[in-house]
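Next comes entry.txt, with compact mmCIF, C-alpha atoms and all ligand atoms.
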# COMPACT_ATOMS: atom_id res chain seq x y z
CA MET A 1 -18.33 -17.68 -5.10
CA ASP A 2 -20.09 -15.74 -7.86
CA ALA A 3 -21.86 -13.39 -5.43
CA VAL A 4 -18.54 -12.42 -3.86
CA ILE A 5 -16.88 -12.00 -7.27
CA GLU A 6 -19.75 -9.79 -8.37
CA LYS A 7 -19.17 -7.53 -5.38
CA LEU A 8 -15.41 -7.36 -5.94
CA LYS A 9 -15.92 -6.47 -9.59
CA ASN A 10 -18.49 -3.77 -8.89
CA ALA A 11 -16.63 -2.05 -6.06
CA ARG A 12 -14.89 1.26 -6.64
CA SER A 13 -13.34 1.51 -3.19
CA ALA A 14 -12.94 -1.46 -0.86
CA ALA A 15 -12.07 -1.70 2.82
CA VAL A 16 -10.37 -5.03 3.50
CA LEU A 17 -10.52 -6.38 7.05
CA THR A 18 -9.33 -9.51 8.77
CA HIS A 19 -9.49 -11.02 12.25
CA ILE A 20 -7.88 -9.49 15.34
CA ASN A 21 -4.41 -10.84 16.29
CA GLU A 22 -3.67 -10.92 12.58
CA ASP A 23 -1.72 -14.02 11.55
CA PRO A 24 0.17 -14.49 8.27
CA ASP A 25 -2.83 -16.09 6.51
CA ALA A 26 -4.94 -13.08 7.47
CA LEU A 27 -2.28 -10.52 6.52
CA GLY A 28 -1.15 -12.27 3.32
CA SER A 29 -4.74 -12.71 2.17
CA ALA A 30 -5.73 -9.12 2.94
CA PHE A 31 -2.62 -7.67 1.26
CA ALA A 32 -3.07 -9.91 -1.80
CA LEU A 33 -6.69 -8.84 -2.15
CA CYS A 34 -5.84 -5.13 -1.84
CA HIS A 35 -3.03 -5.51 -4.35
CA VAL A 36 -5.18 -7.33 -6.91
CA LEU A 37 -8.06 -4.86 -6.53
CA ARG A 38 -5.67 -1.96 -7.06
CA GLY A 39 -4.39 -3.73 -10.16
CA MET A 40 -7.97 -3.61 -11.40
CA GLY A 41 -7.96 0.18 -11.01
CA LYS A 42 -9.87 0.27 -7.72
CA THR A 43 -9.06 1.85 -4.40
CA ALA A 44 -8.40 -0.68 -1.64
CA VAL A 45 -7.28 -0.16 1.96
CA CYS A 46 -6.42 -2.85 4.50
CA TYR A 47 -7.44 -1.84 8.03
CA VAL A 48 -5.70 -3.77 10.81
CA SER A 49 -6.64 -3.81 14.49
CA GLU A 50 -3.06 -3.21 15.61
CA LYS A 51 0.44 -3.05 14.23
CA PRO A 52 1.37 -6.54 12.94
CA GLN A 53 3.82 -8.47 15.12
CA GLU A 54 7.54 -7.81 14.58
CA ARG A 55 8.07 -11.32 13.33
CA HIS A 56 5.50 -10.73 10.58
CA LYS A 57 7.10 -7.52 9.33
CA PHE A 58 8.77 -9.37 6.47
CA ILE A 59 5.36 -9.95 4.88
CA GLY A 60 5.40 -6.28 3.95
CA GLY A 61 2.15 -4.85 2.68
CA ASP A 62 0.61 -1.50 3.45
CA TYR A 63 -2.17 -1.02 5.92
CA VAL A 64 -3.95 1.53 8.07
CA ILE A 65 -4.22 0.95 11.81
CA TYR A 66 -7.92 1.39 12.42
CA ASP A 67 -8.98 4.37 14.50
CA LYS A 68 -12.53 4.06 15.75
CA ASP A 69 -12.83 7.83 16.10
CA LYS A 70 -12.26 8.39 12.40
CA THR A 71 -14.69 7.86 9.56
CA TYR A 72 -13.69 6.08 6.41
CA GLU A 73 -15.58 6.05 3.12
CA HIS A 74 -15.84 2.89 1.03
CA ASP A 75 -18.52 1.24 -1.06
CA LEU A 76 -17.50 -2.34 -0.19
CA CYS A 77 -16.18 -4.03 2.95
CA VAL A 78 -14.51 -7.42 2.46
CA CYS A 79 -13.55 -9.58 5.43
CA VAL A 80 -10.95 -12.29 4.88
CA ASP A 81 -10.03 -15.15 7.24
CA CYS A 82 -12.53 -13.90 9.82
CA GLY A 83 -15.03 -16.47 11.10
CA ASP A 84 -17.19 -14.17 13.15
CA MET A 85 -18.07 -10.47 13.12
CA LYS A 86 -16.92 -10.28 16.77
CA ARG A 87 -13.40 -11.14 15.59
CA LEU A 88 -13.25 -7.76 13.85
CA GLY A 89 -12.91 -6.08 17.26
CA ASP A 90 -13.38 -2.31 17.04
CA ARG A 91 -13.64 -2.50 13.25
CA ILE A 92 -17.21 -3.81 13.60
CA LYS A 93 -18.13 -0.13 13.46
CA LEU A 94 -16.44 0.27 10.09
CA PHE A 95 -17.97 -2.98 8.79
CA LYS A 96 -21.44 -1.82 9.78
CA SER A 97 -20.98 1.61 8.24
CA ILE A 98 -20.39 0.22 4.73
CA CYS A 99 -23.50 -0.62 2.72
CA SER A 100 -22.15 -3.64 0.88
CA THR A 101 -20.22 -6.46 2.58
CA ALA A 102 -18.49 -9.70 1.62
CA ASN A 103 -16.86 -12.47 3.63
CA ILE A 104 -14.19 -14.89 2.32
CA ASP A 105 -13.05 -17.52 4.79
CA HIS A 106 -12.06 -21.09 5.64
CA HIS A 107 -13.32 -21.42 9.24
CA ARG A 108 -15.93 -24.15 9.42
CA THR A 109 -17.73 -22.21 12.13
CA ASN A 110 -18.08 -19.02 10.02
CA THR A 111 -21.30 -17.25 10.94
CA LEU A 112 -21.95 -15.95 7.37
CA PHE A 113 -22.28 -12.41 8.68
CA ALA A 114 -21.92 -10.48 5.40
CA ASP A 115 -24.26 -9.84 2.44
CA ALA A 116 -22.23 -12.20 0.26
CA ASN A 117 -20.36 -15.05 1.93
CA TYR A 118 -17.92 -17.51 0.45
CA VAL A 119 -16.69 -20.08 2.97
CA GLU A 120 -14.84 -23.33 2.33
CA GLY A 121 -14.55 -24.97 5.74
CA GLU A 122 -12.21 -27.74 4.59
CA THR A 123 -9.71 -25.60 2.71
CA SER A 124 -6.23 -25.14 4.18
CA SER A 125 -6.15 -21.36 4.23
CA THR A 126 -7.89 -18.22 3.09
CA GLY A 127 -4.94 -17.68 0.75
CA GLU A 128 -5.85 -20.86 -1.12
CA ILE A 129 -9.48 -19.76 -1.51
CA LEU A 130 -8.43 -16.32 -2.74
CA PHE A 131 -6.25 -17.88 -5.42
CA LYS A 132 -9.32 -19.72 -6.74
CA ILE A 133 -11.41 -16.55 -6.59
CA PHE A 134 -8.79 -14.54 -8.50
CA GLU A 135 -8.57 -17.30 -11.09
CA LYS A 136 -12.32 -17.41 -11.59
CA MET A 137 -12.49 -13.61 -11.79
CA GLY A 138 -9.76 -13.59 -14.38
CA ALA A 139 -7.75 -11.23 -12.14
CA ALA A 140 -4.08 -11.10 -13.03
CA LEU A 141 -1.55 -12.14 -10.42
CA ASP A 142 1.96 -10.73 -10.30
CA ASP A 143 5.05 -11.49 -8.22
CA THR A 144 3.80 -9.42 -5.27
CA ALA A 145 0.33 -10.99 -5.14
CA ALA A 146 1.84 -14.47 -5.55
CA ARG A 147 4.22 -13.83 -2.65
CA TYR A 148 1.37 -12.72 -0.35
CA LEU A 149 -0.75 -15.74 -1.23
CA TYR A 150 2.15 -18.14 -0.83
CA THR A 151 2.90 -16.66 2.62
CA ALA A 152 -0.74 -17.13 3.64
CA ILE A 153 -0.91 -20.75 2.49
CA CYS A 154 2.53 -21.74 3.74
CA SER A 155 1.74 -20.35 7.18
CA ASP A 156 -1.71 -21.90 7.70
CA THR A 157 -0.54 -25.33 6.49
CA GLY A 158 2.45 -25.39 8.85
CA CYS A 159 4.64 -25.32 5.75
CA PHE A 160 2.49 -27.88 3.91
CA LYS A 161 2.52 -30.35 6.80
CA TYR A 162 -1.03 -30.31 8.14
CA SER A 163 -3.81 -32.73 7.21
CA SER A 164 -5.70 -29.81 5.66
CA VAL A 165 -3.27 -29.95 2.70
CA THR A 166 -4.82 -31.42 -0.46
CA PRO A 167 -3.59 -32.00 -4.01
CA ASP A 168 -5.19 -28.62 -4.81
CA THR A 169 -3.04 -26.91 -2.17
CA PHE A 170 0.10 -28.22 -3.85
CA ARG A 171 -1.17 -27.42 -7.34
CA ILE A 172 -1.84 -23.83 -6.25
CA ALA A 173 1.52 -23.57 -4.45
CA ALA A 174 3.21 -24.91 -7.59
CA ARG A 175 1.57 -22.18 -9.66
CA LEU A 176 2.59 -19.54 -7.11
CA ILE A 177 6.28 -20.47 -6.95
CA GLY A 178 6.37 -20.03 -10.71
CA TYR A 179 6.36 -16.29 -9.98
CA ASN A 180 9.51 -14.51 -8.98
CA PHE A 181 9.89 -14.32 -5.19
CA ASP A 182 12.02 -16.09 -2.60
CA PHE A 183 9.68 -18.81 -1.30
CA ALA A 184 12.46 -20.54 0.65
CA GLU A 185 13.05 -17.33 2.58
CA ILE A 186 9.34 -17.10 3.41
CA ALA A 187 9.35 -20.61 4.92
CA ARG A 188 12.52 -19.82 6.85
CA LEU A 189 11.14 -16.57 8.27
CA LEU A 190 7.79 -18.16 9.14
CA PHE A 191 9.09 -21.34 10.74
CA ASP A 192 12.81 -21.33 11.34
CA THR A 193 13.57 -17.86 12.70
CA ASP A 194 13.32 -16.40 16.20
CA ASP A 195 15.07 -13.40 17.66
CA LEU A 196 17.60 -14.06 20.37
CA ASN A 197 15.32 -13.11 23.27
CA VAL A 198 12.51 -15.31 22.01
CA THR A 199 15.01 -18.17 21.67
CA ARG A 200 16.02 -17.79 25.33
CA PHE A 201 12.35 -17.55 26.32
CA LYS A 202 11.67 -20.80 24.45
CA ALA A 203 14.63 -22.47 26.15
CA ALA A 204 13.11 -21.60 29.53
CA LEU A 205 9.78 -23.06 28.45
CA MET A 206 11.49 -26.23 27.25
CA ASP A 207 13.33 -26.50 30.51
CA SER A 208 10.09 -26.37 32.50
CA VAL A 209 7.76 -28.66 30.57
CA GLU A 210 5.47 -30.58 32.90
CA SER A 211 4.35 -34.11 32.14
CA TYR A 212 1.12 -35.79 33.30
CA ALA A 213 -0.86 -38.99 32.68
CA GLY A 214 2.27 -41.00 31.97
CA GLY A 215 3.48 -38.50 29.38
CA LYS A 216 0.21 -38.24 27.46
CA ILE A 217 -0.27 -34.66 28.62
CA SER A 218 2.55 -32.10 28.32
CA LEU A 219 2.16 -28.57 29.60
CA VAL A 220 4.06 -25.29 29.73
CA ARG A 221 3.29 -22.18 31.77
CA MET A 222 4.03 -18.71 30.45
CA THR A 223 4.01 -16.30 33.37
CA ALA A 224 3.89 -12.52 33.34
CA ASP A 225 7.38 -12.22 34.89
CA MET A 226 8.87 -14.15 31.94
CA TYR A 227 8.03 -11.37 29.47
CA GLU A 228 10.14 -9.04 31.56
CA LYS A 229 12.90 -11.51 32.32
CA TYR A 230 13.46 -12.29 28.62
CA SER A 231 12.65 -8.76 27.35
CA VAL A 232 9.96 -10.13 25.08
CA PRO A 233 6.75 -8.09 24.95
CA GLU A 234 3.67 -10.18 25.59
CA THR A 235 2.52 -9.54 22.01
CA GLU A 236 5.77 -11.07 20.66
CA ALA A 237 5.75 -14.11 22.95
CA PRO A 238 6.47 -17.47 21.31
CA ASN A 239 3.66 -19.85 20.47
CA GLY A 240 4.15 -21.78 23.70
CA VAL A 241 1.96 -24.77 22.91
CA GLU A 242 4.28 -25.78 20.06
CA ILE A 243 6.90 -26.76 22.64
CA PRO A 244 5.02 -29.51 24.54
CA ARG A 245 3.36 -30.61 21.29
CA ARG A 246 6.72 -31.87 20.02
CA ILE A 247 7.37 -34.19 22.95
CA GLU A 248 7.09 -37.82 22.01
CA GLY A 249 4.09 -39.62 23.46
CA THR A 250 2.14 -36.39 23.99
CA GLN A 251 -1.53 -36.74 23.13
CA ILE A 252 -2.59 -33.34 24.43
CA ALA A 253 -0.29 -30.34 24.61
CA VAL A 254 -1.21 -27.37 26.78
CA CYS A 255 0.07 -23.85 27.22
CA VAL A 256 -1.27 -21.82 30.12
CA LYS A 257 -0.42 -18.18 29.56
CA GLU A 258 -0.84 -15.05 31.64
CA LYS A 259 -2.03 -12.22 29.44
CA HIS A 260 -3.60 -8.84 30.36
CA ASN A 261 -4.60 -10.00 33.86
CA ARG A 262 -6.33 -13.01 32.49
CA ILE A 263 -5.30 -16.52 31.58
CA GLU A 264 -5.28 -17.94 28.07
CA VAL A 265 -5.15 -21.67 27.59
CA SER A 266 -4.11 -23.20 24.25
CA LEU A 267 -4.65 -26.87 23.54
CA ARG A 268 -3.35 -29.12 20.76
CA SER A 269 -4.19 -32.73 20.10
CA ASN A 270 -1.69 -35.02 18.43
CA GLY A 271 -4.11 -37.86 18.07
CA ARG A 272 -7.64 -38.87 18.84
CA ALA A 273 -8.44 -36.49 21.69
CA ASP A 274 -10.88 -33.74 20.70
CA VAL A 275 -9.48 -30.63 22.36
CA SER A 276 -12.33 -28.43 21.12
CA ALA A 277 -14.60 -30.36 23.53
CA ILE A 278 -12.25 -29.56 26.42
CA ALA A 279 -12.13 -25.87 25.42
CA GLU A 280 -15.91 -25.72 25.11
CA GLY A 281 -16.16 -27.00 28.69
CA PHE A 282 -14.37 -23.79 29.74
CA GLY A 283 -16.36 -21.50 27.44
CA GLY A 284 -13.93 -21.53 24.51
CA GLY A 285 -13.79 -23.39 21.23
CA GLY A 286 -11.82 -24.26 18.15
CA HIS A 287 -11.04 -27.32 16.08
CA ARG A 288 -10.55 -31.00 17.08
CA ALA A 289 -6.78 -30.62 16.95
CA ALA A 290 -6.39 -26.97 18.03
CA ALA A 291 -8.53 -25.09 20.51
CA GLY A 292 -8.39 -22.63 23.35
CA TYR A 293 -10.15 -20.47 25.88
CA LYS A 294 -9.65 -17.46 28.13
CA ILE A 295 -10.51 -17.18 31.80
CA THR A 296 -10.46 -14.39 34.33
CA GLY A 297 -10.46 -14.41 38.11
CA LYS A 298 -8.32 -17.54 38.44
CA THR A 299 -4.68 -17.91 39.39
CA MET A 300 -2.21 -19.63 37.11
CA ASP A 301 -2.20 -22.64 39.45
CA GLU A 302 -5.97 -22.96 39.55
CA ALA A 303 -6.21 -22.65 35.78
CA ALA A 304 -3.47 -25.24 35.26
CA ARG A 305 -5.02 -27.70 37.72
CA ALA A 306 -8.43 -27.43 36.07
CA VAL A 307 -7.13 -27.97 32.55
CA ILE A 308 -4.90 -30.89 33.61
CA ALA A 309 -7.92 -32.59 35.22
CA ALA A 310 -10.01 -32.10 32.06
CA CYS A 311 -7.20 -33.42 29.86
CA GLU A 312 -6.71 -36.45 32.12
CA ASN A 313 -10.39 -37.29 31.73
CA ALA A 314 -10.09 -36.89 27.97
CA VAL A 315 -7.05 -39.15 27.60
CA THR A 316 -8.43 -41.88 29.88
CA ALA A 317 -11.69 -41.88 27.90
CA LEU A 318 -9.82 -42.69 24.66
MN MN A 401 -6.55 -18.81 8.23

Encoded form using structure tokens:
Amino acid sequence: MDAVIEKLKNARSAAVLTHINEDPDALGSAFALCHVLRGMGKTAVCYVSEKPQERHKFIGGDYVIYDKDKTYEHDLCVCVDCGDMKRLGDRIKLFKSICSTANIDHHRTNTLFADANYVEGETSSTGEILFKIFEKMGAALDDTAARYLYTAICSDTGCFKYSSVTPDTFRIAARLIGYNFDFAEIARLLFDTDDLNVTRFKAALMDSVESYAGGKISLVRMTADMYEKYSVPETEAPNGVEIPRRIEGTQIAVCVKEKHNRIEVSLRSNGRADVSAIAEGFGGGGHRAAAGYKITGKTMDEAARAVIAACENAVTAL
């Protein structure tokens, strides 16, 4: 941790990056870090790969959408919540152009790609790690920084429900809600709010859940025509795999999704099945309980059949 703190303290101007398809842990962590660095009198800019999703607008924060044809000058590049340099997308160019780099993350598989790396593979969220870094640095938090960090932690813990939550997570959350911001609203916007079109899209997914292996495998298909039918852009589509995951008796939940002329498969395990092993079999990866992969050149039906067969093998082997 000290090597990363050293870099943060010495920087005059920092570029803060996070992984592509920015999620609230990534955004909250990046915005919190920029805000705290600015509070220390430094320049800090958060570069995102694309405009954050509509549903994450409430997080706020200011950012620059990265343009690979532009040059940006900074003396430090900090990556947060990014397990692999490849997950920077186009911003790899920016990362490589900055002479000093740091990496703060909670992905167990982090490739330690920066000059100074601080990775806690067991910690719930990057937000939680950043809180500890700020504390050790003696950096002052304020209501805004606390709100960003709380958003990050709340999101990556499924609202403090996942097994990654520890007594430390709650102690940190308790400190954060001592600041002045509406933490109940954050939980509501993260977990209990969908726009009307997304709600109808979800209803269609619920209505078409498929069940295999005596109910141990539950699957939904998200097809390209559904984005149009429900007027939901592909980038704002619901997290489909959460729907079959809720069905009682499900050991493996699957979402097969058509996206940019390829198929994305998301897998969740509710029990002993290791879905990262299934994903690896198709060239993907992830965690025991959450994994995925992408394939091209297959139809929806072929992709679904292949993943169902792999899941059936996995649940019979248990
Ligand atoms: Mn995260």

List as a PDB file with C-alpha atoms, keeping the file's coordinate frame the protein and nucleic acid residues lying within 10 Å of ligand MN 401 (chain A), with all atoms listed in the file counted.
ATOM      1  CA  THR A  18      -9.330  -9.510   8.770  1.00  0.00           C
ATOM      2  CA  HIS A  19      -9.490 -11.020  12.250  1.00  0.00           C
ATOM      3  CA  GLU A  22      -3.670 -10.920  12.580  1.00  0.00           C
ATOM      4  CA  ASP A  23      -1.720 -14.020  11.550  1.00  0.00           C
ATOM      5  CA  PRO A  24       0.170 -14.490   8.270  1.00  0.00           C
ATOM      6  CA  ASP A  25      -2.830 -16.090   6.510  1.00  0.00           C
ATOM      7  CA  ALA A  26      -4.940 -13.080   7.470  1.00  0.00           C
ATOM      8  CA  LEU A  27      -2.280 -10.520   6.520  1.00  0.00           C
ATOM      9  CA  GLY A  28      -1.150 -12.270   3.320  1.00  0.00           C
ATOM     10  CA  SER A  29      -4.740 -12.710   2.170  1.00  0.00           C
ATOM     11  CA  VAL A  80     -10.950 -12.290   4.880  1.00  0.00           C
ATOM     12  CA  ASP A  81     -10.030 -15.150   7.240  1.00  0.00           C
ATOM     13  CA  CYS A  82     -12.530 -13.900   9.820  1.00  0.00           C
ATOM     14  CA  GLY A  83     -15.030 -16.470  11.100  1.00  0.00           C
ATOM     15  CA  ASP A 105     -13.050 -17.520   4.790  1.00  0.00           C
ATOM     16  CA  HIS A 106     -12.060 -21.090   5.640  1.00  0.00           C
ATOM     17  CA  HIS A 107     -13.320 -21.420   9.240  1.00  0.00           C
ATOM     18  CA  THR A 123      -9.710 -25.600   2.710  1.00  0.00           C
ATOM     19  CA  SER A 124      -6.230 -25.140   4.180  1.00  0.00           C
ATOM     20  CA  SER A 125      -6.150 -21.360   4.230  1.00  0.00           C
ATOM     21  CA  THR A 126      -7.890 -18.220   3.090  1.00  0.00           C
ATOM     22  CA  GLY A 127      -4.940 -17.680   0.750  1.00  0.00           C
ATOM     23  CA  GLU A 128      -5.850 -20.860  -1.120  1.00  0.00           C
ATOM     24  CA  ALA A 152      -0.740 -17.130   3.640  1.00  0.00           C
ATOM     25  CA  ILE A 153      -0.910 -20.750   2.490  1.00  0.00           C
ATOM     26  CA  SER A 155       1.740 -20.350   7.180  1.00  0.00           C
ATOM     27  CA  ASP A 156      -1.710 -21.900   7.700  1.00  0.00           C
ATOM     28  CA  THR A 157      -0.540 -25.330   6.490  1.00  0.00           C
TER      29      THR A 157
END

Nearest residue to Asp90 in chain A from the set A:Ala139, A:Leu17, A:Ile278, A:Val265 (distances using only C-alpha atoms):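 Counting only C-alpha atoms, the residue closest to Asp90 in chain A is A:Leu17.
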
Among listed residues A:Asn21, A:Gln53, A:Thr166, A:Ser13, nearest Leu76 in chain A (using all atoms listed in the file):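 Among A:Asn21, A:Gln53, A:Thr166, A:Ser13, it is A:Ser13 that comes nearest to Leu76 in chain A.
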
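Of note, CA of Val119 in chain A and CA of Phe131 in chain A are spaced 13.6 Å apart.
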
All residues 10 Å or closer to Lys96 in chain A, only C-alpha atoms, same chain fewer than 5 positions away omitted, as a VMD selection string: chain A and resid 77 85 91 101 114

Selection as number ranges by chain: residues within 10 Å of (-21.5, -15.8, 1.1), counting all atoms listed in the file: A: 1-4, 101-105, 111-119

Close residues, Val256 in chain A itself excluded, 7 Å, all atoms listed in the file, min 4 positions apart in chain, as a list of chain:residue names: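 Non-adjacent residues within range: A:Val220, A:Arg221, A:Met222, A:Ile263, A:Glu264, A:Val265, A:Ser266, A:Ala304.
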
Within 12 Å of Asp195 in chain A using only C-alpha atoms, minus same-chain residues under 6 positions, as a PyMOL selection string: chain A and resi 54-55+189+201-202+230-232+236-238

The selected residues should be written to file as a PDB file, in the frame of the given file (atoms: C-alpha atoms).
ATOM      1  CA  GLU A  54       7.540  -7.810  14.580  1.00  0.00           C
ATOM      2  CA  ARG A  55       8.070 -11.320  13.330  1.00  0.00           C
ATOM      3  CA  LEU A 189      11.140 -16.570   8.270  1.00  0.00           C
ATOM      4  CA  PHE A 201      12.350 -17.550  26.320  1.00  0.00           C
ATOM      5  CA  LYS A 202      11.670 -20.800  24.450  1.00  0.00           C
ATOM      6  CA  TYR A 230      13.460 -12.290  28.620  1.00  0.00           C
ATOM      7  CA  SER A 231      12.650  -8.760  27.350  1.00  0.00           C
ATOM      8  CA  VAL A 232       9.960 -10.130  25.080  1.00  0.00           C
ATOM      9  CA  GLU A 236       5.770 -11.070  20.660  1.00  0.00           C
ATOM     10  CA  ALA A 237       5.750 -14.110  22.950  1.00  0.00           C
ATOM     11  CA  PRO A 238       6.470 -17.470  21.310  1.00  0.00           C
TER      12      PRO A 238
END

Can range 267-295 of chain A be brought up to N, CA and C atoms and written out as a tab-separated table (two decimals), keeping the file's coordinate frame?
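The resulting part.tsv:
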chain	number	residue	atom	x	y	z
A	267	LEU	N	-4.68	-25.40	23.52
A	267	LEU	CA	-4.65	-26.87	23.54
A	267	LEU	C	-4.38	-27.40	22.14
A	268	ARG	N	-3.57	-28.45	22.04
A	268	ARG	CA	-3.35	-29.12	20.76
A	268	ARG	C	-3.48	-30.61	20.97
A	269	SER	N	-4.10	-31.29	20.03
A	269	SER	CA	-4.19	-32.73	20.10
A	269	SER	C	-3.30	-33.33	19.03
A	270	ASN	N	-2.52	-34.33	19.42
A	270	ASN	CA	-1.69	-35.02	18.43
A	270	ASN	C	-2.36	-36.28	17.91
A	271	GLY	N	-3.51	-36.60	18.46
A	271	GLY	CA	-4.11	-37.86	18.07
A	271	GLY	C	-5.62	-37.80	18.11
A	272	ARG	N	-6.19	-38.72	18.88
A	272	ARG	CA	-7.64	-38.87	18.84
A	272	ARG	C	-8.39	-37.93	19.77
A	273	ALA	N	-7.72	-37.36	20.74
A	273	ALA	CA	-8.44	-36.49	21.69
A	273	ALA	C	-9.00	-35.27	20.97
A	274	ASP	N	-10.24	-34.92	21.30
A	274	ASP	CA	-10.88	-33.74	20.70
A	274	ASP	C	-10.73	-32.57	21.67
A	275	VAL	N	-9.73	-31.71	21.41
A	275	VAL	CA	-9.48	-30.63	22.36
A	275	VAL	C	-10.52	-29.51	22.28
A	276	SER	N	-11.28	-29.46	21.18
A	276	SER	CA	-12.33	-28.43	21.12
A	276	SER	C	-13.39	-28.71	22.18
A	277	ALA	N	-13.62	-30.00	22.49
A	277	ALA	CA	-14.60	-30.36	23.53
A	277	ALA	C	-14.11	-29.88	24.90
A	278	ILE	N	-12.81	-30.04	25.14
A	278	ILE	CA	-12.25	-29.56	26.42
A	278	ILE	C	-12.40	-28.04	26.51
A	279	ALA	N	-12.04	-27.34	25.42
A	279	ALA	CA	-12.13	-25.87	25.42
A	279	ALA	C	-13.56	-25.40	25.61
A	280	GLU	N	-14.49	-26.09	24.97
A	280	GLU	CA	-15.91	-25.72	25.11
A	280	GLU	C	-16.36	-25.83	26.56
A	281	GLY	N	-15.83	-26.82	27.27
A	281	GLY	CA	-16.16	-27.00	28.69
A	281	GLY	C	-15.75	-25.80	29.53
A	282	PHE	N	-14.81	-24.99	29.01
A	282	PHE	CA	-14.37	-23.79	29.74
A	282	PHE	C	-14.85	-22.52	29.03
A	283	GLY	N	-15.80	-22.67	28.11
A	283	GLY	CA	-16.36	-21.50	27.44
A	283	GLY	C	-15.61	-21.06	26.19
A	284	GLY	N	-14.68	-21.88	25.73
A	284	GLY	CA	-13.93	-21.53	24.51
A	284	GLY	C	-14.35	-22.39	23.34
A	285	GLY	N	-13.44	-22.58	22.39
A	285	GLY	CA	-13.79	-23.39	21.23
A	285	GLY	C	-12.61	-23.57	20.32
A	286	GLY	N	-12.88	-24.05	19.12
A	286	GLY	CA	-11.82	-24.26	18.15
A	286	GLY	C	-12.06	-25.48	17.30
A	287	HIS	N	-10.97	-26.13	16.94
A	287	HIS	CA	-11.04	-27.32	16.08
A	287	HIS	C	-10.68	-28.55	16.92
A	288	ARG	N	-10.89	-29.74	16.38
A	288	ARG	CA	-10.55	-31.00	17.08
A	288	ARG	C	-9.10	-31.01	17.53
A	289	ALA	N	-8.21	-30.51	16.67
A	289	ALA	CA	-6.78	-30.62	16.95
A	289	ALA	C	-6.18	-29.34	17.53
A	290	ALA	N	-6.92	-28.25	17.53
A	290	ALA	CA	-6.39	-26.97	18.03
A	290	ALA	C	-7.53	-26.16	18.60
A	291	ALA	N	-7.43	-25.82	19.88
A	291	ALA	CA	-8.53	-25.09	20.51
A	291	ALA	C	-7.98	-24.26	21.65
A	292	GLY	N	-8.85	-23.44	22.24
A	292	GLY	CA	-8.39	-22.63	23.35
A	292	GLY	C	-9.52	-21.92	24.04
A	293	TYR	N	-9.17	-21.27	25.14
A	293	TYR	CA	-10.15	-20.47	25.88
A	293	TYR	C	-9.43	-19.47	26.76
A	294	LYS	N	-10.19	-18.49	27.24
A	294	LYS	CA	-9.65	-17.46	28.13
A	294	LYS	C	-10.45	-17.49	29.43
A	295	ILE	N	-9.77	-17.28	30.54
A	295	ILE	CA	-10.51	-17.18	31.80
A	295	ILE	C	-9.98	-16.02	32.64
